$ cat run-v6.cif   # mmCIF, C-alpha atoms
data_protein
#
loop_
_atom_site.label_atom_id
_atom_site.label_comp_id
_atom_site.auth_asym_id
_atom_site.auth_seq_id
_atom_site.Cartn_x
_atom_site.Cartn_y
_atom_site.Cartn_z
CA MET A 1 -63.52 42.63 40.72
CA ALA A 2 -64.12 40.10 37.91
CA SER A 3 -67.00 42.20 36.55
CA LEU A 4 -64.93 45.37 36.60
CA THR A 5 -61.93 43.79 34.86
CA ALA A 6 -64.29 42.13 32.35
CA TYR A 7 -65.65 45.56 31.46
CA MET A 8 -62.14 47.01 31.15
CA ALA A 9 -61.00 44.09 28.98
CA PHE A 10 -64.06 44.42 26.77
CA THR A 11 -63.50 48.14 26.17
CA SER A 12 -59.83 47.37 25.35
CA ARG A 13 -60.53 44.55 22.88
CA GLY A 14 -58.23 44.59 19.88
CA LYS A 15 -55.77 47.01 21.47
CA PRO A 16 -52.27 45.69 22.13
CA MET A 17 -51.19 44.87 25.66
CA ASP A 18 -48.89 47.70 26.68
CA ILE A 19 -47.48 47.24 30.15
CA LYS A 20 -44.59 49.48 31.10
CA ILE A 21 -42.18 48.71 33.89
CA PRO A 22 -41.00 52.04 35.29
CA ASN A 23 -37.40 52.53 36.31
CA ASP A 24 -38.35 52.03 39.92
CA PRO A 25 -36.67 49.34 42.03
CA ARG A 26 -40.06 48.27 43.44
CA ALA A 27 -41.48 47.72 39.96
CA LEU A 28 -38.38 45.86 38.82
CA ALA A 29 -38.48 43.69 41.96
CA ALA A 30 -42.16 42.88 41.34
CA TYR A 31 -41.36 41.87 37.75
CA GLU A 32 -38.42 39.68 38.85
CA ASP A 33 -40.47 38.08 41.64
CA GLY A 34 -43.26 37.35 39.17
CA LYS A 35 -40.80 35.71 36.80
CA ARG A 36 -39.31 33.62 39.60
CA TYR A 37 -42.77 32.49 40.65
CA PHE A 38 -43.60 31.52 37.07
CA TYR A 39 -40.60 29.21 36.79
CA THR A 40 -40.62 27.80 40.34
CA ARG A 41 -41.84 24.23 40.75
CA ARG A 42 -44.42 23.69 43.47
CA GLY A 43 -46.99 21.22 44.70
CA GLN A 44 -46.69 17.47 45.07
CA LEU A 45 -46.72 17.14 41.26
CA ASN A 46 -43.61 19.34 41.10
CA PHE A 47 -44.99 21.58 38.36
CA SER A 48 -44.12 25.18 37.64
CA CYS A 49 -46.35 27.48 35.58
CA ALA A 50 -43.80 26.95 32.80
CA SER A 51 -44.31 23.16 32.91
CA CYS A 52 -47.76 23.64 31.38
CA HIS A 53 -47.61 27.02 29.68
CA ILE A 54 -44.08 26.94 28.16
CA GLN A 55 -43.38 23.22 27.79
CA SER A 56 -46.86 21.88 26.98
CA PRO A 57 -49.18 24.44 25.35
CA GLY A 58 -51.71 22.73 23.08
CA GLU A 59 -51.68 19.56 25.17
CA ARG A 60 -54.83 18.49 26.96
CA LEU A 61 -55.40 18.49 30.70
CA ARG A 62 -58.65 16.52 30.78
CA ALA A 63 -61.18 18.86 29.08
CA GLU A 64 -58.81 21.82 29.07
CA ILE A 65 -56.30 22.72 26.37
CA LEU A 66 -53.21 24.29 27.87
CA ALA A 67 -52.68 27.86 26.68
CA PRO A 68 -49.25 29.31 25.88
CA ALA A 69 -47.85 31.75 28.42
CA LEU A 70 -47.52 34.49 25.84
CA GLY A 71 -50.95 36.08 25.56
CA ILE A 72 -52.52 33.95 28.28
CA LEU A 73 -53.60 37.03 30.21
CA ASN A 74 -54.94 38.84 27.17
CA ALA A 75 -58.17 36.84 27.42
CA MET A 76 -58.62 37.49 31.15
CA PRO A 77 -60.85 37.61 33.05
CA ILE A 78 -62.62 34.43 32.03
CA TYR A 79 -65.96 32.75 32.30
CA ARG A 80 -65.39 29.14 33.31
CA SER A 81 -68.03 26.46 33.04
CA GLU A 82 -66.40 24.83 36.06
CA TRP A 83 -67.10 27.99 38.08
CA ALA A 84 -70.43 28.75 36.40
CA GLY A 85 -69.34 32.38 36.40
CA MET A 86 -66.61 34.93 35.80
CA GLY A 87 -63.32 34.73 37.62
CA THR A 88 -60.29 36.94 38.04
CA THR A 89 -56.75 36.03 37.07
CA SER A 90 -56.04 35.43 40.76
CA ARG A 91 -58.88 32.92 40.93
CA ARG A 92 -57.39 31.09 37.97
CA PHE A 93 -53.99 30.98 39.74
CA VAL A 94 -55.71 29.43 42.78
CA THR A 95 -57.07 26.67 40.54
CA CYS A 96 -53.68 26.16 38.86
CA ASN A 97 -51.99 25.76 42.25
CA SER A 98 -54.62 23.27 43.40
CA GLN A 99 -54.13 21.23 40.24
CA THR A 100 -50.46 20.78 41.12
CA ARG A 101 -51.55 19.75 44.64
CA ALA A 102 -50.14 22.89 46.20
CA VAL A 103 -52.06 24.82 48.82
CA PRO A 104 -53.14 27.94 46.92
CA LEU A 105 -52.12 31.38 48.14
CA GLU A 106 -54.66 34.03 49.07
CA PRO A 107 -56.34 35.68 46.06
CA GLN A 108 -54.57 38.97 45.25
CA SER A 109 -51.54 37.94 47.31
CA ASP A 110 -48.29 39.69 46.44
CA GLU A 111 -47.06 36.57 44.63
CA TYR A 112 -50.14 36.37 42.42
CA ARG A 113 -50.02 40.09 41.66
CA ASP A 114 -46.34 39.89 40.73
CA LEU A 115 -47.05 36.89 38.51
CA GLU A 116 -49.87 38.77 36.79
CA TYR A 117 -47.54 41.71 36.27
CA TYR A 118 -44.84 39.50 34.71
CA LEU A 119 -47.28 37.63 32.46
CA SER A 120 -48.90 40.87 31.32
CA TYR A 121 -45.55 42.38 30.42
CA VAL A 122 -44.41 39.38 28.35
CA SER A 123 -47.69 39.60 26.42
CA ASN A 124 -46.97 43.16 25.29
CA GLY A 125 -47.95 43.76 21.69
CA LEU A 126 -50.53 40.97 21.54
CA PRO A 127 -54.16 42.09 21.23
CA ILE A 128 -56.44 42.06 24.25
CA SER A 129 -59.29 39.63 23.66
CA GLY A 130 -60.96 39.38 27.06
CA PRO A 131 -63.23 38.58 28.62
CA GLY A 132 -62.72 34.99 27.56
CA ALA A 133 -64.42 31.66 28.16
CA ARG A 134 -63.01 28.26 29.12
CA PRO A 135 -64.49 24.83 30.04
CA MET B 1 -57.81 -14.52 93.42
CA ARG B 2 -55.01 -15.34 90.97
CA ALA B 3 -57.40 -14.89 88.03
CA LEU B 4 -58.49 -11.51 89.39
CA LEU B 5 -54.88 -10.45 89.74
CA ALA B 6 -54.12 -11.58 86.18
CA VAL B 7 -57.07 -9.57 84.83
CA ALA B 8 -56.01 -6.50 86.81
CA MET B 9 -52.48 -6.81 85.48
CA LEU B 10 -53.79 -7.26 81.94
CA VAL B 11 -56.04 -4.19 82.18
CA GLY B 12 -53.24 -2.16 83.74
CA GLY B 13 -50.80 -3.21 81.06
CA LEU B 14 -53.30 -2.50 78.29
CA SER B 15 -54.10 0.99 79.49
CA GLN B 16 -50.38 1.68 79.83
CA ALA B 17 -49.86 0.53 76.23
CA LEU B 18 -52.75 2.69 75.05
CA ALA B 19 -51.41 5.69 76.95
CA ALA B 20 -48.01 5.19 75.36
CA SER B 21 -49.63 5.02 71.92
CA GLU B 22 -51.49 8.25 72.51
CA ALA B 23 -48.30 9.92 73.65
CA ASP B 24 -46.53 8.60 70.56
CA PHE B 25 -49.32 9.95 68.38
CA LYS B 26 -49.16 13.37 69.99
CA ALA B 27 -45.39 13.47 69.46
CA ALA B 28 -45.69 12.34 65.83
CA TYR B 29 -48.49 14.83 65.16
CA ALA B 30 -46.50 17.68 66.70
CA GLU B 31 -43.52 16.84 64.49
CA ALA B 32 -45.71 16.79 61.38
CA GLU B 33 -47.41 20.03 62.34
CA ALA B 34 -44.06 21.74 62.93
CA ALA B 35 -42.82 20.66 59.49
CA GLN B 36 -46.04 21.91 57.90
CA LYS B 37 -45.62 25.28 59.63
CA GLN B 38 -42.11 25.49 58.21
CA ALA B 39 -43.54 24.81 54.73
CA ALA B 40 -46.10 27.56 55.33
CA ALA B 41 -43.33 30.00 56.16
CA LEU B 42 -41.79 29.12 52.79
CA ARG B 43 -45.22 29.65 51.12
CA ASN B 44 -45.11 26.10 49.81
CA GLN B 45 -47.57 23.83 51.56
CA TRP B 46 -48.96 20.79 49.75
CA LEU B 47 -52.60 19.72 49.74
CA PRO B 48 -51.84 16.02 50.51
CA THR B 49 -50.02 17.13 53.67
CA GLN B 50 -53.19 18.84 54.87
CA THR B 51 -55.19 15.72 54.03
CA ALA B 52 -52.79 13.45 55.93
CA LEU B 53 -52.75 15.77 58.96
CA ALA B 54 -56.56 15.85 59.02
CA ALA B 55 -56.68 12.05 58.73
CA ALA B 56 -54.17 11.71 61.58
CA LYS B 57 -56.25 13.96 63.82
CA LYS B 58 -59.45 12.12 62.96
CA ALA B 59 -57.85 8.74 63.68
CA GLY B 60 -56.34 10.06 66.91
CA ASP B 61 -59.68 11.46 68.07
CA SER B 62 -61.33 8.09 67.47
CA GLY B 63 -58.65 6.27 69.45
CA ASP B 64 -56.96 4.58 66.49
CA PHE B 65 -53.49 5.65 67.53
CA GLY B 66 -51.73 3.19 65.24
CA GLY B 67 -53.45 4.63 62.19
CA ALA B 68 -53.04 8.16 63.49
CA ILE B 69 -49.28 7.73 63.91
CA ALA B 70 -48.97 6.31 60.39
CA GLN B 71 -50.88 9.29 58.96
CA ALA B 72 -48.81 11.75 61.01
CA HIS B 73 -45.59 10.20 59.69
CA GLU B 74 -46.99 10.45 56.16
CA ALA B 75 -47.83 14.12 56.73
CA GLU B 76 -44.36 14.82 58.12
CA ALA B 77 -42.69 13.15 55.12
CA LEU B 78 -44.83 15.17 52.70
CA ALA B 79 -44.17 18.43 54.56
CA LYS B 80 -40.43 17.76 54.54
CA ALA B 81 -40.58 17.07 50.79
CA SER B 82 -42.34 20.41 50.25
CA ILE B 83 -39.67 22.15 52.34
CA PHE B 84 -36.95 20.52 50.25
CA GLN B 85 -38.74 21.59 47.07
CA ALA B 86 -39.09 25.20 48.20
CA THR B 87 -35.47 25.34 49.35
CA SER B 88 -33.95 23.80 46.23
CA GLU B 89 -36.18 25.84 43.91
CA LYS B 90 -34.71 29.06 45.30
CA GLU B 91 -31.91 28.46 42.79
CA ARG B 92 -33.17 25.63 40.57
CA TRP B 93 -36.01 27.70 39.04
CA ARG B 94 -33.44 29.25 36.72
CA ASP B 95 -32.98 25.86 35.03
CA MET B 96 -36.43 26.26 33.45
CA GLU B 97 -36.05 29.89 32.46
CA ILE B 98 -36.08 30.69 28.76
CA HIS B 99 -34.28 33.77 27.53
#

$ encode --input "run-v6.cif" --output "structure tokens"
Amino acid sequence: MASLTAYMAFTSRGKPMDIKIPNDPRALAAYEDGKRYFYTRRGQLNFSCASCHIQSPGERLRAEILAPALGILNAMPIYRSEWAGMGTTSRRFVTCNSQTRAVPLEPQSDEYRDLEYYLSYVSNGLPISGPGARP
Amino acid sequence: MRALLAVAMLVGGLSQALAASEADFKAAYAEAEAAQKQAAALRNQWLPTQTALAAAKKAGDSGDFGGAIAQAHEAEALAKASIFQATSEKERWRDMEIH
């Protein structure tokens, strides 16, 4: 999955993100659920995605520099030194959840997919730059 | 004869105390596990709860019921905190939302 999305991102480099939400109640519900997940605090550290990626982009989390939410998915999938390989967006969400001391959800769970949908939509217009690399 | 009786009473009392401790541990562990299941239903389990539950089981298996009960209580408190978080965040997440 990571290899396939890396290929798709590479062939789309430089093109703007262009996610459309059809006028379908299921699509709208997925978008809203993704937004709710993004802002919901979880884990023993009581962090939401927004705590790092809206309130603290540019700050350091050990060796990592926190990326802003807008455009964060444009560089996906990513090669991470920590993983010694490529990883999907879902895999990154698993790591994020663990860092807040929450038990991660299953990769490609509905919640993660909805979150990916929401984050992709809010990055509309920004150029795709994936696959990316992180520490 | 009196000494023998005293030893028998001591052993009997000790095993009764140990049995009570094991029963207390099982009850405390069941409570913690039930709270953790509730957190799972809310899709909001915490990693430290899992760690505390595992530590409680390990202590219980080794016969350290005092330590096991303490860990089970810790796990229950953490699970209840995660339940509170998930419940309150059903509405509170909007406080962080930017428009």

$ residues_around --input "run-v6.cif" --residues "Met17 in chain A" --least-positions-apart "5" --cutoff "7 Å" --atoms "only C-alpha atoms" --output "list in words"
Ser123, Asn124, Gly125, Leu126, Pro127 and Ile128 of chain A

$ closest_atom_pairs --input "run-v6.cif" --of "range 18-123 of chain A" --to "range 68-87 of chain B" --cutoff "9 Å" --atoms "all atoms listed in the file" --output "JSON lines"
{"residue": "A:Thr40", "atom": "CA", "partner": "B:Ala86", "partner_atom": "CA", "distance": 8.4}
{"residue": "A:Arg41", "atom": "CA", "partner": "B:Gln85", "partner_atom": "CA", "distance": 7.5}
{"residue": "A:Arg42", "atom": "CA", "partner": "B:Gln85", "partner_atom": "CA", "distance": 7.0}
{"residue": "A:Gly43", "atom": "CA", "partner": "B:Ser82", "partner_atom": "CA", "distance": 7.3}
{"residue": "A:Gln44", "atom": "CA", "partner": "B:Ser82", "partner_atom": "CA", "distance": 7.4}
{"residue": "A:Asn46", "atom": "CA", "partner": "B:Gln85", "partner_atom": "CA", "distance": 8.0}

$ resolve_selection --input "run-v6.cif" --expression "the PyMOL selection byres ((chain B) within 8 of (chain A))" --output "NGL selection string"
:B and (43-48 or 82 or 85-86 or 89-90 or 92-94 or 96-97)

$ write_last_selection --input "run-v6.cif" --atoms "C-alpha atoms" --output "PDB file, in the frame of the given file"
ATOM      1  CA  ARG B  43     -45.220  29.650  51.120  1.00  0.00           C
ATOM      2  CA  ASN B  44     -45.110  26.100  49.810  1.00  0.00           C
ATOM      3  CA  GLN B  45     -47.570  23.830  51.560  1.00  0.00           C
ATOM      4  CA  TRP B  46     -48.960  20.790  49.750  1.00  0.00           C
ATOM      5  CA  LEU B  47     -52.600  19.720  49.740  1.00  0.00           C
ATOM      6  CA  PRO B  48     -51.840  16.020  50.510  1.00  0.00           C
ATOM      7  CA  SER B  82     -42.340  20.410  50.250  1.00  0.00           C
ATOM      8  CA  GLN B  85     -38.740  21.590  47.070  1.00  0.00           C
ATOM      9  CA  ALA B  86     -39.090  25.200  48.200  1.00  0.00           C
ATOM     10  CA  GLU B  89     -36.180  25.840  43.910  1.00  0.00           C
ATOM     11  CA  LYS B  90     -34.710  29.060  45.300  1.00  0.00           C
ATOM     12  CA  ARG B  92     -33.170  25.630  40.570  1.00  0.00           C
ATOM     13  CA  TRP B  93     -36.010  27.700  39.040  1.00  0.00           C
ATOM     14  CA  ARG B  94     -33.440  29.250  36.720  1.00  0.00           C
ATOM     15  CA  MET B  96     -36.430  26.260  33.450  1.00  0.00           C
ATOM     16  CA  GLU B  97     -36.050  29.890  32.460  1.00  0.00           C
TER      17      GLU B  97
END

$ atom_distance --input "run-v6.cif" --atom1 "CA of Pro135 in chain A" --atom2 "CA of Met1 in chain A"
20.8 Å

$ residues_around --input "run-v6.cif" --residues "Arg113 in chain A" --least-positions-apart "2" --cutoff "12 Å" --atoms "all atoms listed in the file" --output "PyMOL selection string"
chain A and resi 27+30-35+37-38+88-91+93+105-111+115-120

$ atom_distance --input "run-v6.cif" --atom1 "CA of Glu82 in chain A" --atom2 "CA of Arg62 in chain A"
12.5 Å

$ closest_residue --input "run-v6.cif" --among "A:Leu61, A:Ala133, A:Val122, A:Met86" --to "Leu4 in chain A" --atoms "all atoms listed in the file"
A:Met86

$ atom_distance --input "run-v6.cif" --atom1 "CA of Arg92 in chain A" --atom2 "CA of Ser3 in chain A"
14.8 Å

$ axis_aligned_box --input "run-v6.cif" --around "range 71-85 of chain B" --padding-each-side "6 Å" --output "AutoDock Vina command-line options"
--center_x -43.9 --center_y 15.7 --center_z 54.0 --size_x 25.9 --size_y 24.9 --size_z 25.9

$ resolve_selection --input "run-v6.cif" --expression "the PyMOL selection byres ((chain B and resi 25) around 8)" --output "list of chain:residue names"
B:Ser21, B:Glu22, B:Ala23, B:Asp24, B:Lys26, B:Ala27, B:Ala28, B:Tyr29, B:Gly60, B:Phe65, B:Gly66, B:Ala68, B:Ile69, B:Ala72

$ closest_residue --input "run-v6.cif" --among "A:Ala69, A:Gly87, A:Asn74, A:Tyr112" --to "Lys15 in chain A" --atoms "only C-alpha atoms"
A:Asn74

$ build_atoms --input "run-v6.cif" --residues "range 47-82 of chain A" --atoms "N, CA and C atoms" --output "mmCIF file, keeping the file's coordinate frame"
data_model
loop_
_atom_site.group_PDB
_atom_site.id
_atom_site.type_symbol
_atom_site.label_atom_id
_atom_site.label_comp_id
_atom_site.auth_asym_id
_atom_site.auth_seq_id
_atom_site.Cartn_x
_atom_site.Cartn_y
_atom_site.Cartn_z
ATOM 1 N N PHE A 47 -44.765 20.824 39.582
ATOM 2 C CA PHE A 47 -44.990 21.580 38.360
ATOM 3 C C PHE A 47 -44.723 23.059 38.617
ATOM 4 N N SER A 48 -44.135 23.717 37.623
ATOM 5 C CA SER A 48 -44.120 25.180 37.640
ATOM 6 C C SER A 48 -45.167 25.643 36.628
ATOM 7 N N CYS A 49 -45.426 26.942 36.602
ATOM 8 C CA CYS A 49 -46.350 27.480 35.580
ATOM 9 C C CYS A 49 -45.800 27.134 34.198
ATOM 10 N N ALA A 50 -44.448 27.200 34.089
ATOM 11 C CA ALA A 50 -43.800 26.950 32.800
ATOM 12 C C ALA A 50 -43.978 25.499 32.344
ATOM 13 N N SER A 51 -44.138 24.568 33.286
ATOM 14 C CA SER A 51 -44.310 23.160 32.910
ATOM 15 C C SER A 51 -45.491 23.005 31.958
ATOM 16 N N CYS A 52 -46.572 23.723 32.233
ATOM 17 C CA CYS A 52 -47.760 23.640 31.380
ATOM 18 C C CYS A 52 -47.721 24.689 30.260
ATOM 19 N N HIS A 53 -47.359 25.919 30.611
ATOM 20 C CA HIS A 53 -47.610 27.020 29.680
ATOM 21 C C HIS A 53 -46.386 27.428 28.831
ATOM 22 N N ILE A 54 -45.244 26.775 29.060
ATOM 23 C CA ILE A 54 -44.080 26.940 28.160
ATOM 24 C C ILE A 54 -43.794 25.590 27.495
ATOM 25 N N GLN A 55 -43.795 24.533 28.310
ATOM 26 C CA GLN A 55 -43.380 23.220 27.790
ATOM 27 C C GLN A 55 -44.516 22.440 27.134
ATOM 28 N N SER A 56 -45.770 22.743 27.473
ATOM 29 C CA SER A 56 -46.860 21.880 26.980
ATOM 30 C C SER A 56 -48.084 22.595 26.415
ATOM 31 N N PRO A 57 -47.967 23.818 25.901
ATOM 32 C CA PRO A 57 -49.180 24.440 25.350
ATOM 33 C C PRO A 57 -49.736 23.604 24.203
ATOM 34 N N GLY A 58 -51.068 23.535 24.122
ATOM 35 C CA GLY A 58 -51.710 22.730 23.080
ATOM 36 C C GLY A 58 -52.052 21.329 23.561
ATOM 37 N N GLU A 59 -51.355 20.876 24.616
ATOM 38 C CA GLU A 59 -51.680 19.560 25.170
ATOM 39 C C GLU A 59 -52.979 19.654 25.974
ATOM 40 N N ARG A 60 -53.581 18.502 26.210
ATOM 41 C CA ARG A 60 -54.830 18.490 26.960
ATOM 42 C C ARG A 60 -54.607 18.137 28.418
ATOM 43 N N LEU A 61 -55.342 18.820 29.277
ATOM 44 C CA LEU A 61 -55.400 18.490 30.700
ATOM 45 C C LEU A 61 -56.868 18.174 30.966
ATOM 46 N N ARG A 62 -57.248 16.912 30.800
ATOM 47 C CA ARG A 62 -58.650 16.520 30.780
ATOM 48 C C ARG A 62 -59.383 17.345 29.710
ATOM 49 N N ALA A 63 -60.396 18.136 30.101
ATOM 50 C CA ALA A 63 -61.180 18.860 29.080
ATOM 51 C C ALA A 63 -60.511 20.162 28.654
ATOM 52 N N GLU A 64 -59.439 20.536 29.357
ATOM 53 C CA GLU A 64 -58.810 21.820 29.070
ATOM 54 C C GLU A 64 -57.658 21.664 28.083
ATOM 55 N N ILE A 65 -57.477 22.663 27.241
ATOM 56 C CA ILE A 65 -56.300 22.720 26.370
ATOM 57 C C ILE A 65 -55.374 23.778 26.954
ATOM 58 N N LEU A 66 -54.146 23.378 27.212
ATOM 59 C CA LEU A 66 -53.210 24.290 27.870
ATOM 60 C C LEU A 66 -52.847 25.450 26.942
ATOM 61 N N ALA A 67 -52.963 26.654 27.460
ATOM 62 C CA ALA A 67 -52.680 27.860 26.680
ATOM 63 C C ALA A 67 -51.203 28.222 26.801
ATOM 64 N N PRO A 68 -50.640 28.847 25.766
ATOM 65 C CA PRO A 68 -49.250 29.310 25.880
ATOM 66 C C PRO A 68 -49.161 30.511 26.825
ATOM 67 N N ALA A 69 -48.013 30.646 27.467
ATOM 68 C CA ALA A 69 -47.850 31.750 28.420
ATOM 69 C C ALA A 69 -47.994 33.106 27.749
ATOM 70 N N LEU A 70 -47.444 33.202 26.535
ATOM 71 C CA LEU A 70 -47.520 34.490 25.840
ATOM 72 C C LEU A 70 -48.959 34.725 25.392
ATOM 73 N N GLY A 71 -49.576 35.743 25.922
ATOM 74 C CA GLY A 71 -50.950 36.080 25.560
ATOM 75 C C GLY A 71 -51.990 35.450 26.467
ATOM 76 N N ILE A 72 -51.536 34.670 27.444
ATOM 77 C CA ILE A 72 -52.520 33.950 28.280
ATOM 78 C C ILE A 72 -53.392 34.928 29.070
ATOM 79 N N LEU A 73 -52.814 36.071 29.430
ATOM 80 C CA LEU A 73 -53.600 37.030 30.210
ATOM 81 C C LEU A 73 -54.435 37.962 29.351
ATOM 82 N N ASN A 74 -54.193 37.927 28.035
ATOM 83 C CA ASN A 74 -54.940 38.840 27.170
ATOM 84 C C ASN A 74 -56.420 38.501 27.109
ATOM 85 N N ALA A 75 -56.767 37.256 27.461
ATOM 86 C CA ALA A 75 -58.170 36.840 27.420
ATOM 87 C C ALA A 75 -58.816 36.898 28.807
ATOM 88 N N MET A 76 -58.082 37.421 29.789
ATOM 89 C CA MET A 76 -58.620 37.490 31.150
ATOM 90 C C MET A 76 -59.484 38.746 31.333
ATOM 91 N N PRO A 77 -60.440 38.739 32.231
ATOM 92 C CA PRO A 77 -60.850 37.610 33.050
ATOM 93 C C PRO A 77 -61.652 36.609 32.209
ATOM 94 N N ILE A 78 -61.954 35.472 32.805
ATOM 95 C CA ILE A 78 -62.620 34.430 32.030
ATOM 96 C C ILE A 78 -63.900 33.938 32.707
ATOM 97 N N TYR A 79 -64.800 33.495 31.830
ATOM 98 C CA TYR A 79 -65.960 32.750 32.300
ATOM 99 C C TYR A 79 -65.556 31.279 32.237
ATOM 100 N N ARG A 80 -65.705 30.564 33.326
ATOM 101 C CA ARG A 80 -65.390 29.140 33.310
ATOM 102 C C ARG A 80 -66.644 28.337 33.623
ATOM 103 N N SER A 81 -66.887 27.331 32.800
ATOM 104 C CA SER A 81 -68.030 26.460 33.040
ATOM 105 C C SER A 81 -67.905 25.804 34.409
ATOM 106 N N GLU A 82 -66.656 25.465 34.760
ATOM 107 C CA GLU A 82 -66.400 24.830 36.060
ATOM 108 C C GLU A 82 -66.858 25.722 37.214
#
